[in-house]
file work-v4.cif (mmCIF, C-alpha atoms)
data_data
loop_
_atom_site.label_atom_id
_atom_site.label_comp_id
_atom_site.auth_asym_id
_atom_site.auth_seq_id
_atom_site.Cartn_x
_atom_site.Cartn_y
_atom_site.Cartn_z
CA MET E 1 15.78 33.93 -5.65
CA ILE E 2 16.70 30.91 -3.51
CA ILE E 3 19.50 32.75 -1.70
CA LYS E 4 19.57 36.52 -1.27
CA THR E 5 22.76 38.22 -0.12
CA SER E 6 21.60 40.95 2.23
CA THR E 7 23.99 43.83 2.90
CA LYS E 8 21.73 45.85 5.21
CA HIS E 9 23.61 44.64 8.30
CA LEU E 10 27.06 45.61 7.04
CA VAL E 11 28.64 48.27 9.23
CA ASP E 12 30.98 49.27 6.39
CA GLN E 13 29.32 49.63 3.01
CA ILE E 14 31.05 48.30 -0.09
CA ASP E 15 31.63 49.98 -3.42
CA PHE E 16 30.52 47.07 -5.61
CA ALA E 17 30.94 49.08 -8.80
CA ALA E 18 34.68 49.29 -8.16
CA TYR E 19 34.89 45.50 -8.36
CA GLN E 20 32.75 44.93 -11.43
CA GLU E 21 35.50 44.93 -14.05
CA LYS E 22 37.60 42.41 -12.14
CA VAL E 23 34.54 40.24 -11.45
CA ASN E 24 33.74 40.21 -15.17
CA GLU E 25 37.28 39.05 -15.89
CA VAL E 26 37.21 36.26 -13.30
CA HIS E 27 33.71 35.19 -14.38
CA LYS E 28 34.97 34.78 -17.94
CA SER E 29 37.88 32.64 -16.74
CA ILE E 30 35.52 30.40 -14.76
CA ILE E 31 33.02 29.94 -17.58
CA GLU E 32 35.68 29.44 -20.23
CA LYS E 33 37.80 27.35 -17.83
CA THR E 34 40.95 29.35 -18.41
CA GLY E 35 41.72 30.25 -14.78
CA GLU E 36 44.56 28.78 -12.77
CA GLY E 37 43.84 25.18 -11.83
CA ASN E 38 41.43 24.85 -14.75
CA ASP E 39 41.95 21.08 -14.84
CA PHE E 40 39.58 21.02 -11.85
CA LEU E 41 36.81 23.24 -13.17
CA GLY E 42 34.61 20.31 -14.18
CA TRP E 43 32.19 21.17 -11.34
CA VAL E 44 31.16 24.37 -13.16
CA ASN E 45 28.96 22.57 -15.73
CA HIS E 46 28.53 19.29 -13.86
CA PRO E 47 24.91 20.00 -12.82
CA PHE E 48 24.06 19.73 -16.53
CA ASP E 49 26.85 17.46 -17.79
CA TYR E 50 26.60 14.72 -15.16
CA ASP E 51 26.45 11.10 -16.26
CA LYS E 52 22.73 10.39 -16.57
CA ALA E 53 23.24 6.63 -16.69
CA GLU E 54 25.31 6.71 -13.51
CA LEU E 55 22.58 8.67 -11.72
CA GLU E 56 20.15 5.87 -12.53
CA GLU E 57 22.66 3.36 -11.14
CA ILE E 58 23.01 5.47 -8.00
CA LYS E 59 19.24 5.45 -7.49
CA LYS E 60 19.00 1.71 -8.19
CA TRP E 61 21.74 0.69 -5.77
CA ALA E 62 20.62 3.20 -3.13
CA LYS E 63 17.20 1.50 -3.19
CA TYR E 64 18.94 -1.87 -2.84
CA VAL E 65 20.85 -0.68 0.24
CA ARG E 66 17.74 0.85 1.81
CA GLU E 67 15.82 -2.39 1.37
CA ASN E 68 18.54 -4.80 2.52
CA TYR E 69 20.73 -3.14 5.17
CA GLU E 70 20.36 -1.56 8.58
CA VAL E 71 23.42 0.68 8.29
CA LEU E 72 25.50 2.30 5.56
CA ILE E 73 29.08 3.12 6.50
CA VAL E 74 30.41 6.07 4.50
CA CYS E 75 34.17 5.61 4.62
CA GLY E 76 36.01 8.76 3.53
CA ILE E 77 37.65 11.96 4.69
CA GLY E 78 37.46 15.62 3.70
CA GLY E 79 35.38 16.12 0.60
CA SER E 80 34.75 12.39 0.50
CA TYR E 81 32.31 12.64 3.41
CA LEU E 82 31.67 16.25 4.48
CA GLY E 83 29.21 17.13 1.72
CA ALA E 84 27.18 13.95 2.14
CA ARG E 85 27.04 14.35 5.90
CA ALA E 86 26.06 18.01 5.58
CA ALA E 87 23.26 17.14 3.17
CA ILE E 88 21.91 14.19 5.14
CA GLU E 89 21.77 16.10 8.42
CA ALA E 90 20.41 19.28 6.82
CA ILE E 91 17.49 17.39 5.29
CA ASN E 92 16.89 14.51 7.71
CA GLY E 93 17.98 16.19 10.92
CA VAL E 94 20.65 15.42 13.50
CA VAL E 95 18.61 12.61 15.01
CA GLY E 96 17.87 11.19 11.58
CA LYS E 97 14.87 9.28 10.40
CA GLY E 98 14.14 5.93 8.86
CA LYS E 99 16.57 3.25 7.76
CA PRO E 100 19.30 2.66 6.96
CA GLU E 101 21.28 4.54 9.55
CA ILE E 102 24.27 6.44 8.10
CA ILE E 103 27.57 6.22 10.01
CA PHE E 104 30.84 7.89 9.01
CA MET E 105 34.27 6.30 9.35
CA GLY E 106 37.66 6.82 7.77
CA GLN E 107 37.86 10.47 8.82
CA THR E 108 39.93 9.96 11.98
CA PHE E 109 42.76 7.92 13.49
CA ASP E 110 41.11 7.94 16.91
CA PRO E 111 41.13 4.32 18.16
CA THR E 112 38.21 4.79 20.55
CA TYR E 113 35.88 6.17 17.88
CA THR E 114 36.94 3.40 15.51
CA LYS E 115 36.42 0.63 18.08
CA GLN E 116 33.04 2.01 19.14
CA CYS E 117 31.88 1.99 15.52
CA LEU E 118 33.12 -1.56 14.96
CA ASP E 119 31.51 -2.77 18.19
CA TYR E 120 28.23 -1.13 17.21
CA LEU E 121 28.33 -2.83 13.80
CA ALA E 122 29.05 -6.29 15.20
CA ASP E 123 25.39 -7.36 15.13
CA LYS E 124 24.20 -5.03 12.36
CA LYS E 125 23.70 -5.82 8.70
CA PHE E 126 25.74 -3.09 7.06
CA ALA E 127 26.96 -1.93 3.67
CA ILE E 128 30.10 0.11 3.00
CA ASN E 129 30.57 3.02 0.62
CA VAL E 130 34.34 3.55 0.49
CA ILE E 131 35.26 6.84 -1.16
CA SER E 132 38.79 7.70 -2.24
CA GLU E 133 40.23 8.96 -5.50
CA SER E 134 43.49 7.10 -4.99
CA GLY E 135 42.53 4.37 -2.57
CA THR E 136 45.59 5.14 -0.46
CA THR E 137 44.33 7.95 1.80
CA THR E 138 45.60 6.69 5.14
CA GLU E 139 42.66 7.46 7.44
CA THR E 140 40.16 6.03 4.97
CA SER E 141 42.28 3.04 3.96
CA VAL E 142 42.90 1.94 7.56
CA ALA E 143 39.19 2.12 8.39
CA PHE E 144 38.20 0.33 5.19
CA ARG E 145 40.72 -2.44 5.83
CA LEU E 146 39.13 -3.01 9.26
CA LEU E 147 35.57 -2.92 7.88
CA LYS E 148 36.42 -5.21 4.97
CA GLU E 149 38.07 -7.74 7.27
CA MET E 150 35.09 -7.62 9.63
CA ILE E 151 32.42 -8.14 7.01
CA GLU E 152 34.36 -10.84 5.16
CA LYS E 153 34.95 -12.83 8.36
CA ARG E 154 31.36 -12.47 9.53
CA ASP E 155 29.37 -12.71 6.32
CA GLY E 156 31.78 -14.36 3.93
CA VAL E 157 33.72 -13.00 0.96
CA GLU E 158 30.85 -13.31 -1.52
CA MET E 159 28.39 -11.43 0.67
CA ALA E 160 31.02 -8.79 1.37
CA ARG E 161 31.46 -8.22 -2.34
CA LYS E 162 27.73 -7.46 -2.61
CA SER E 163 27.88 -5.10 0.37
CA ILE E 164 30.79 -2.85 -0.68
CA PHE E 165 30.35 0.11 -3.02
CA ALA E 166 33.45 1.95 -4.23
CA THR E 167 33.53 5.58 -5.39
CA THR E 168 36.88 6.33 -6.98
CA ASP E 169 38.76 7.43 -10.08
CA ALA E 170 37.53 5.97 -13.36
CA ASN E 171 40.94 4.97 -14.68
CA LYS E 172 43.56 4.55 -11.97
CA GLY E 173 44.30 3.96 -8.32
CA ALA E 174 44.49 1.22 -5.72
CA LEU E 175 40.77 1.34 -4.91
CA LEU E 176 39.84 0.98 -8.57
CA THR E 177 42.15 -2.04 -8.87
CA LEU E 178 40.62 -3.66 -5.78
CA ALA E 179 37.07 -2.88 -6.89
CA LYS E 180 37.68 -4.52 -10.25
CA GLN E 181 39.29 -7.58 -8.64
CA GLU E 182 36.44 -8.06 -6.17
CA GLY E 183 33.59 -7.00 -8.42
CA TYR E 184 32.34 -4.17 -6.24
CA VAL E 185 29.70 -1.83 -7.63
CA ARG E 186 31.66 1.26 -8.70
CA PHE E 187 30.83 4.93 -8.99
CA VAL E 188 33.09 7.59 -10.46
CA LEU E 189 34.71 10.65 -8.97
CA PRO E 190 35.36 12.70 -12.15
CA ASP E 191 39.05 13.51 -12.51
CA ASP E 192 38.27 17.16 -13.30
CA ILE E 193 36.43 17.74 -9.99
CA GLY E 194 38.31 18.01 -6.70
CA GLY E 195 37.03 16.41 -3.52
CA ARG E 196 35.73 19.57 -1.88
CA TYR E 197 33.65 20.35 -4.99
CA SER E 198 32.36 16.79 -5.36
CA VAL E 199 29.14 16.69 -3.32
CA GLN E 200 26.99 16.83 -6.49
CA THR E 201 28.86 13.83 -7.94
CA ALA E 202 28.50 10.20 -6.87
CA VAL E 203 30.73 11.04 -3.89
CA GLY E 204 27.82 12.80 -2.26
CA LEU E 205 24.83 11.61 -4.26
CA PHE E 206 25.05 7.89 -3.44
CA PRO E 207 24.97 8.24 0.36
CA ILE E 208 22.47 11.08 -0.01
CA ALA E 209 20.20 8.78 -2.04
CA VAL E 210 20.63 5.95 0.47
CA ALA E 211 19.40 8.39 3.13
CA GLY E 212 16.17 8.78 1.15
CA ILE E 213 16.96 12.21 -0.31
CA ASP E 214 16.30 12.76 -4.02
CA PRO E 215 19.72 13.15 -5.72
CA GLU E 216 18.12 14.56 -8.85
CA ALA E 217 16.61 17.41 -6.82
CA ILE E 218 20.11 18.27 -5.58
CA LEU E 219 21.31 18.53 -9.19
CA LEU E 220 18.28 20.55 -10.27
CA GLY E 221 18.96 23.03 -7.48
CA SER E 222 22.57 23.31 -8.61
CA GLN E 223 21.36 23.91 -12.16
CA LYS E 224 19.26 26.82 -10.93
CA ALA E 225 22.24 28.26 -9.06
CA PHE E 226 24.31 27.98 -12.25
CA GLU E 227 21.63 29.87 -14.16
CA ASP E 228 21.44 32.57 -11.50
CA SER E 229 25.24 32.98 -11.76
CA THR E 230 25.26 33.46 -15.52
CA ASN E 231 25.11 37.26 -15.43
CA PRO E 232 28.19 38.64 -13.60
CA ASP E 233 26.49 41.97 -12.89
CA LEU E 234 26.85 42.48 -9.13
CA ALA E 235 23.47 44.19 -9.05
CA VAL E 236 21.79 40.84 -9.77
CA ASN E 237 24.38 38.15 -9.02
CA GLU E 238 23.89 37.29 -5.34
CA CYS E 239 26.68 34.71 -5.42
CA TYR E 240 29.36 37.06 -6.72
CA LYS E 241 28.10 39.81 -4.42
CA TYR E 242 28.89 37.55 -1.46
CA ALA E 243 32.35 36.76 -2.89
CA VAL E 244 33.11 40.46 -3.26
CA ILE E 245 32.01 41.15 0.32
CA ARG E 246 34.43 38.47 1.53
CA HIS E 247 37.24 39.96 -0.55
CA ASP E 248 36.51 43.48 0.64
CA MET E 249 36.46 42.40 4.29
CA TYR E 250 39.81 40.69 3.83
CA THR E 251 41.69 43.23 1.74
CA LYS E 252 40.22 46.63 2.60
CA HIS E 253 39.21 46.06 6.22
CA LYS E 254 42.10 43.68 6.99
CA LEU E 255 39.93 41.15 8.78
CA ALA E 256 41.47 37.75 9.42
CA ALA E 257 38.45 35.46 9.75
CA GLU E 258 34.89 34.80 8.65
CA MET E 259 32.47 33.38 11.20
CA PHE E 260 29.85 31.27 9.40
CA ILE E 261 26.68 31.37 11.50
CA THR E 262 23.59 29.21 11.41
CA TYR E 263 20.63 29.01 13.80
CA VAL E 264 19.81 25.38 12.99
CA PRO E 265 21.61 22.48 14.72
CA SER E 266 21.16 20.27 11.67
CA PHE E 267 23.19 22.82 9.67
CA VAL E 268 26.33 22.34 11.78
CA GLN E 269 27.83 20.03 9.15
CA ILE E 270 27.15 22.60 6.43
CA GLY E 271 29.52 24.77 8.45
CA GLU E 272 32.11 21.97 8.46
CA TRP E 273 31.77 21.54 4.68
CA PHE E 274 32.01 25.34 4.30
CA LYS E 275 35.27 25.40 6.27
CA GLN E 276 36.92 22.82 4.05
CA LEU E 277 35.67 24.44 0.86
CA PHE E 278 37.01 27.89 1.68
CA GLY E 279 39.94 26.84 3.86
CA GLU E 280 41.53 24.51 1.30
CA SER E 281 40.65 26.74 -1.63
CA GLU E 282 41.92 30.08 -0.29
CA GLY E 283 44.38 29.29 2.46
CA LYS E 284 47.65 29.38 0.56
CA ASP E 285 50.50 31.75 -0.31
CA LYS E 286 50.03 33.15 3.24
CA LYS E 287 46.66 34.52 2.15
CA GLY E 288 43.00 33.96 2.92
CA LEU E 289 40.33 34.39 5.56
CA LEU E 290 40.23 31.79 8.32
CA PRO E 291 36.80 30.12 7.94
CA ASP E 292 35.17 29.38 11.29
CA SER E 293 31.62 28.50 12.28
CA ALA E 294 29.15 28.74 15.12
CA THR E 295 25.53 27.83 15.77
CA PHE E 296 23.29 30.37 17.46
CA SER E 297 21.67 30.71 19.87
CA THR E 298 23.64 27.75 21.30
CA ASP E 299 27.08 29.31 20.87
CA LEU E 300 25.96 32.71 22.09
CA HIS E 301 26.27 31.07 25.51
CA SER E 302 29.91 30.15 24.84
CA LEU E 303 31.44 32.37 22.13
CA GLY E 304 28.96 35.21 22.48
CA GLN E 305 31.09 37.29 24.82
CA PHE E 306 34.11 37.12 22.53
CA ILE E 307 32.06 37.82 19.41
CA GLN E 308 30.49 40.85 21.06
CA ASP E 309 33.51 42.36 22.83
CA GLY E 310 36.63 40.40 21.85
CA THR E 311 39.37 41.08 19.31
CA PRO E 312 37.66 42.59 16.21
CA CYS E 313 39.34 40.26 13.72
CA PHE E 314 36.34 38.81 11.88
CA PHE E 315 33.03 39.40 10.17
CA GLU E 316 29.94 37.21 10.30
CA THR E 317 28.09 35.44 7.50
CA THR E 318 24.72 34.20 8.67
CA LEU E 319 22.81 31.55 6.75
CA TYR E 320 19.26 32.27 7.77
CA LEU E 321 16.05 30.38 6.95
CA ASN E 322 13.15 32.61 5.96
CA ASN E 323 10.72 29.73 6.46
CA HIS E 324 10.77 27.19 9.28
CA ARG E 325 9.89 23.62 8.38
CA ASP E 326 8.22 22.91 11.71
CA GLU E 327 6.36 24.94 14.28
CA ILE E 328 5.92 24.18 17.99
CA LYS E 329 4.04 26.51 20.33
CA VAL E 330 5.00 27.32 23.91
CA PRO E 331 2.35 25.81 26.23
CA HIS E 332 0.63 27.38 29.26
CA ASP E 333 1.84 26.48 32.74
CA ASN E 334 -0.41 27.16 35.72
CA ASP E 335 2.43 27.86 38.16
CA ASN E 336 4.49 29.92 35.67
CA LEU E 337 7.57 29.54 37.88
CA ASP E 338 9.81 30.10 34.85
CA GLY E 339 7.92 33.28 33.94
CA LEU E 340 7.30 32.13 30.40
CA ASN E 341 3.53 32.48 30.20
CA TYR E 342 4.06 35.72 28.30
CA LEU E 343 5.17 33.43 25.45
CA GLU E 344 2.11 31.18 25.65
CA GLY E 345 0.98 30.26 22.15
CA VAL E 346 4.07 31.75 20.52
CA THR E 347 5.95 29.45 18.13
CA ILE E 348 9.55 28.54 18.86
CA GLY E 349 10.37 29.62 15.30
CA SER E 350 9.12 33.11 16.11
CA ILE E 351 11.32 33.17 19.21
CA GLN E 352 14.28 32.17 17.06
CA ASP E 353 13.49 34.98 14.63
CA LYS E 354 13.58 37.51 17.46
CA ALA E 355 16.82 36.00 18.78
CA PHE E 356 18.29 36.52 15.32
CA GLU E 357 17.11 40.13 15.13
CA GLY E 358 18.37 40.90 18.63
CA THR E 359 21.74 39.27 17.97
CA ILE E 360 22.29 41.08 14.68
CA ALA E 361 21.48 44.40 16.34
CA ALA E 362 23.85 43.69 19.25
CA HIS E 363 26.72 42.60 17.04
CA THR E 364 26.43 45.42 14.50
CA GLU E 365 25.17 48.41 16.50
CA VAL E 366 27.13 47.75 19.69
CA GLY E 367 29.89 45.36 18.64
CA GLY E 368 30.59 47.09 15.32
CA ILE E 369 30.84 43.73 13.55
CA ASN E 370 30.09 43.52 9.85
CA ASN E 371 27.30 41.02 9.12
CA VAL E 372 26.29 39.64 5.76
CA VAL E 373 23.07 37.61 5.81
CA LEU E 374 22.40 34.89 3.26
CA GLU E 375 18.62 34.55 3.30
CA LEU E 376 17.60 31.02 2.30
CA GLU E 377 13.99 30.42 1.22
CA GLY E 378 13.73 27.12 3.08
CA MET E 379 15.52 23.80 3.37
CA ASN E 380 14.79 20.98 0.96
CA ALA E 381 16.87 18.96 -1.50
CA PHE E 382 16.46 21.48 -4.34
CA ASN E 383 17.47 24.44 -2.17
CA LEU E 384 20.38 22.50 -0.70
CA GLY E 385 21.70 21.75 -4.18
CA TYR E 386 21.39 25.46 -4.90
CA LEU E 387 23.29 26.29 -1.72
CA PHE E 388 26.13 23.89 -2.51
CA TYR E 389 26.66 25.37 -5.96
CA PHE E 390 26.25 28.94 -4.67
CA PHE E 391 29.13 28.46 -2.26
CA GLU E 392 31.30 26.60 -4.79
CA ARG E 393 30.94 29.38 -7.33
CA ALA E 394 31.45 32.09 -4.68
CA CYS E 395 34.56 30.29 -3.45
CA ALA E 396 36.11 30.15 -6.92
CA MET E 397 35.39 33.85 -7.46
CA SER E 398 36.73 34.80 -4.03
CA ALA E 399 39.94 32.79 -4.42
CA TYR E 400 40.64 34.17 -7.89
CA LEU E 401 40.06 37.71 -6.57
CA ASN E 402 42.75 36.91 -3.97
CA GLY E 403 45.10 35.75 -6.71
CA VAL E 404 45.34 32.11 -5.63
CA ASN E 405 44.59 28.80 -7.33
CA PRO E 406 41.34 27.58 -5.73
CA PHE E 407 41.86 23.95 -6.68
CA ASN E 408 45.18 22.80 -5.22
CA GLN E 409 46.15 22.14 -1.60
CA PRO E 410 49.96 21.90 -1.42
CA GLY E 411 50.06 22.52 2.32
CA VAL E 412 48.05 19.39 3.08
CA GLU E 413 50.88 17.18 1.80
CA VAL E 414 53.40 18.41 4.40
CA TYR E 415 51.84 16.70 7.41
CA LYS E 416 51.38 13.52 5.40
CA LYS E 417 55.06 13.34 4.46
CA ASN E 418 56.08 13.91 8.08
CA MET E 419 53.64 11.27 9.31
CA PHE E 420 54.74 8.73 6.70
CA HIS E 421 58.39 9.28 7.67
CA LEU E 422 57.62 8.79 11.36
CA LEU E 423 55.61 5.65 10.60
CA GLY E 424 58.45 4.22 8.51
CA LYS E 425 56.59 4.13 5.21
CA PRO E 426 58.97 3.06 2.41
CA GLY E 427 60.24 6.04 0.42
CA PHE E 428 59.66 8.55 3.21
#
call {"tool": "encode", "arguments": {"input": "work-v4.cif", "output": "structure tokens"}}
result
Amino acid sequence: MIIKTSTKHLVDQIDFAAYQEKVNEVHKSIIEKTGEGNDFLGWVNHPFDYDKAELEEIKKWAKYVRENYEVLIVCGIGGSYLGARAAIEAINGVVGKGKPEIIFMGQTFDPTYTKQCLDYLADKKFAINVISESGTTTETSVAFRLLKEMIEKRDGVEMARKSIFATTDANKGALLTLAKQEGYVRFVLPDDIGGRYSVQTAVGLFPIAVAGIDPEAILLGSQKAFEDSTNPDLAVNECYKYAVIRHDMYTKHKLAAEMFITYVPSFVQIGEWFKQLFGESEGKDKKGLLPDSATFSTDLHSLGQFIQDGTPCFFETTLYLNNHRDEIKVPHDNDNLDGLNYLEGVTIGSIQDKAFEGTIAAHTEVGGINNVVLELEGMNAFNLGYLFYFFERACAMSAYLNGVNPFNQPGVEVYKKNMFHLLGKPGF
């Protein structure tokens, strides 16, 4: 099992049998695509049904970018960049390795961030992957307009056309129209898969492949997660077990938030992807857990006091690696002024393991905080693909158990309408 949902650190035990009938019902609606919002259930079978020819194109053009450019700019917001960024950092690390460098734009209006990126790119040979279903998402479109102008003025229109890759709807939208006019290489965001479920499509797989990560391994991992979700029996389905725990914490124990915990700095962006996935899927009709995230032991020195002794409004979900990729041993120091010679020869991974055990004990036994631990075998492209699908499937189950449509986001449109009105956009 790639991910095991451990319940041994739950303060309040859950009667899983009481949920089985409802889980069976929701499972059937997911598999048969009869649940609310079923127009966006294409992700369910996508690990098997993906466009094989497009995957070959993704690999071909990713190789082209790696061999010819110093930087790839991923221009998108929300699901159009979070999954790719999460994957690239989880596999390659926060510092990154090799070329090209991956930079993200189009996810903010901040002028300083935007100018710093443009200044940095001034003497770099860069390619652009602009990602938008419609081509009119304001943050992304503003950034892309700036990048397109910059590369056309510097390198010429013909070179720019060879350096821009568009991921968008197959049949409609402003970006599709532009891509056809300019002859950009195009990849497809399937119209039956929403942005926050799109990391295993070209939306995520092209930048992931450019970063040197095998996109096919991501899909194979998702296939395995699909297979492990086939039987809805909560005694064997680790994914649905996690969804039920979330539902029980929310409905029975009246908790307001879920704190997603990792112990790996390169997993921070997995937490950001997690927050969008669950926040946009469940946060509607005045329902849903607030998804939050923290990285231990780092955040134990900032949020630790509140988590231990503050308002008991949340439970913790810890994504924990059973196997560390790297091992570094604590060296000997003759003076031992820091008093650490008792750790001489001990690996930092072992220290982290003990920090995890000590933290779990403090939070559960003293703090009374429910903890569910998702034990991950190790981090590689296959396991990451598994993790993505595991959370997508758990999110759909959890949202349906809450009685909400997991695949719309009506609340997001309110701020946009207000902003457009204030900016004087025609029609608003």
call {"tool": "resolve_selection", "arguments": {"input": "work-v4.cif", "expression": "the PyMOL selection byres ((chain E and resi 140-152) around 9)", "output": "VMD selection string"}}
result
chain E and resid 73 75 to 77 105 to 109 114 118 122 126 to 128 130 to 132 135 to 139 153 to 161 163 to 164
call {"tool": "resolve_selection", "arguments": {"input": "work-v4.cif", "expression": "the PyMOL selection byres ((chain E and resi 292-304) around 8)", "output": "list of chain:residue names"}}
result
E:Ala257, E:Glu258, E:Met259, E:Phe260, E:Ile261, E:Thr262, E:Tyr263, E:Val264, E:Pro265, E:Val268, E:Gly271, E:Glu272, E:Lys275, E:Leu290, E:Pro291, E:Gln305, E:Phe306, E:Ile307, E:Gln308, E:Ala355
call {"tool": "resolve_selection", "arguments": {"input": "work-v4.cif", "expression": "the PyMOL selection byres ((chain E and resi 240) around 10)", "output": "ChimeraX atom specification"}}
result
/E:5,20,23,27,229,231-239,241-246,390-391,393-398
call {"tool": "residues_around", "arguments": {"input": "work-v4.cif", "residues": "Pro312 in chain E", "least_positions_apart": "3", "cutoff": "9 Å", "atoms": "all atoms listed in the file", "output": "mmCIF file with C-alpha atoms, in the coordinates of the input"}}
result
data_model
loop_
_atom_site.group_PDB
_atom_site.id
_atom_site.type_symbol
_atom_site.label_atom_id
_atom_site.label_comp_id
_atom_site.auth_asym_id
_atom_site.auth_seq_id
_atom_site.Cartn_x
_atom_site.Cartn_y
_atom_site.Cartn_z
ATOM 1 C CA LEU E 255 39.930 41.150 8.780
ATOM 2 C CA ILE E 307 32.060 37.820 19.410
ATOM 3 C CA GLN E 308 30.490 40.850 21.060
ATOM 4 C CA ASP E 309 33.510 42.360 22.830
ATOM 5 C CA PHE E 315 33.030 39.400 10.170
ATOM 6 C CA GLY E 367 29.890 45.360 18.640
ATOM 7 C CA GLY E 368 30.590 47.090 15.320
ATOM 8 C CA ILE E 369 30.840 43.730 13.550
#
call {"tool": "closest_residue", "arguments": {"input": "work-v4.cif", "among": "E:Glu282, E:Asp39, E:Glu365, E:Asp49", "to": "Pro406 in chain E", "atoms": "only C-alpha atoms"}}
result
E:Glu282
call {"tool": "closest_residue", "arguments": {"input": "work-v4.cif", "among": "E:Met419, E:Ile103, E:Ala381, E:Leu374", "to": "Leu219 in chain E", "atoms": "only C-alpha atoms"}}
result
E:Ala381
call {"tool": "residues_around", "arguments": {"input": "work-v4.cif", "residues": "Ile2 in chain E", "least_positions_apart": "3", "cutoff": "9 Å", "atoms": "only C-alpha atoms", "output": "list in words"}}
result
Lys224, Ala225, Glu375, Leu376, Glu377, Gly378, Asn383, Tyr386 and Leu387 of chain E
call {"tool": "closest_residue", "arguments": {"input": "work-v4.cif", "among": "E:Lys180, E:Arg85, E:His253, E:His363", "to": "Gln13 in chain E", "atoms": "only C-alpha atoms"}}
result
E:His253
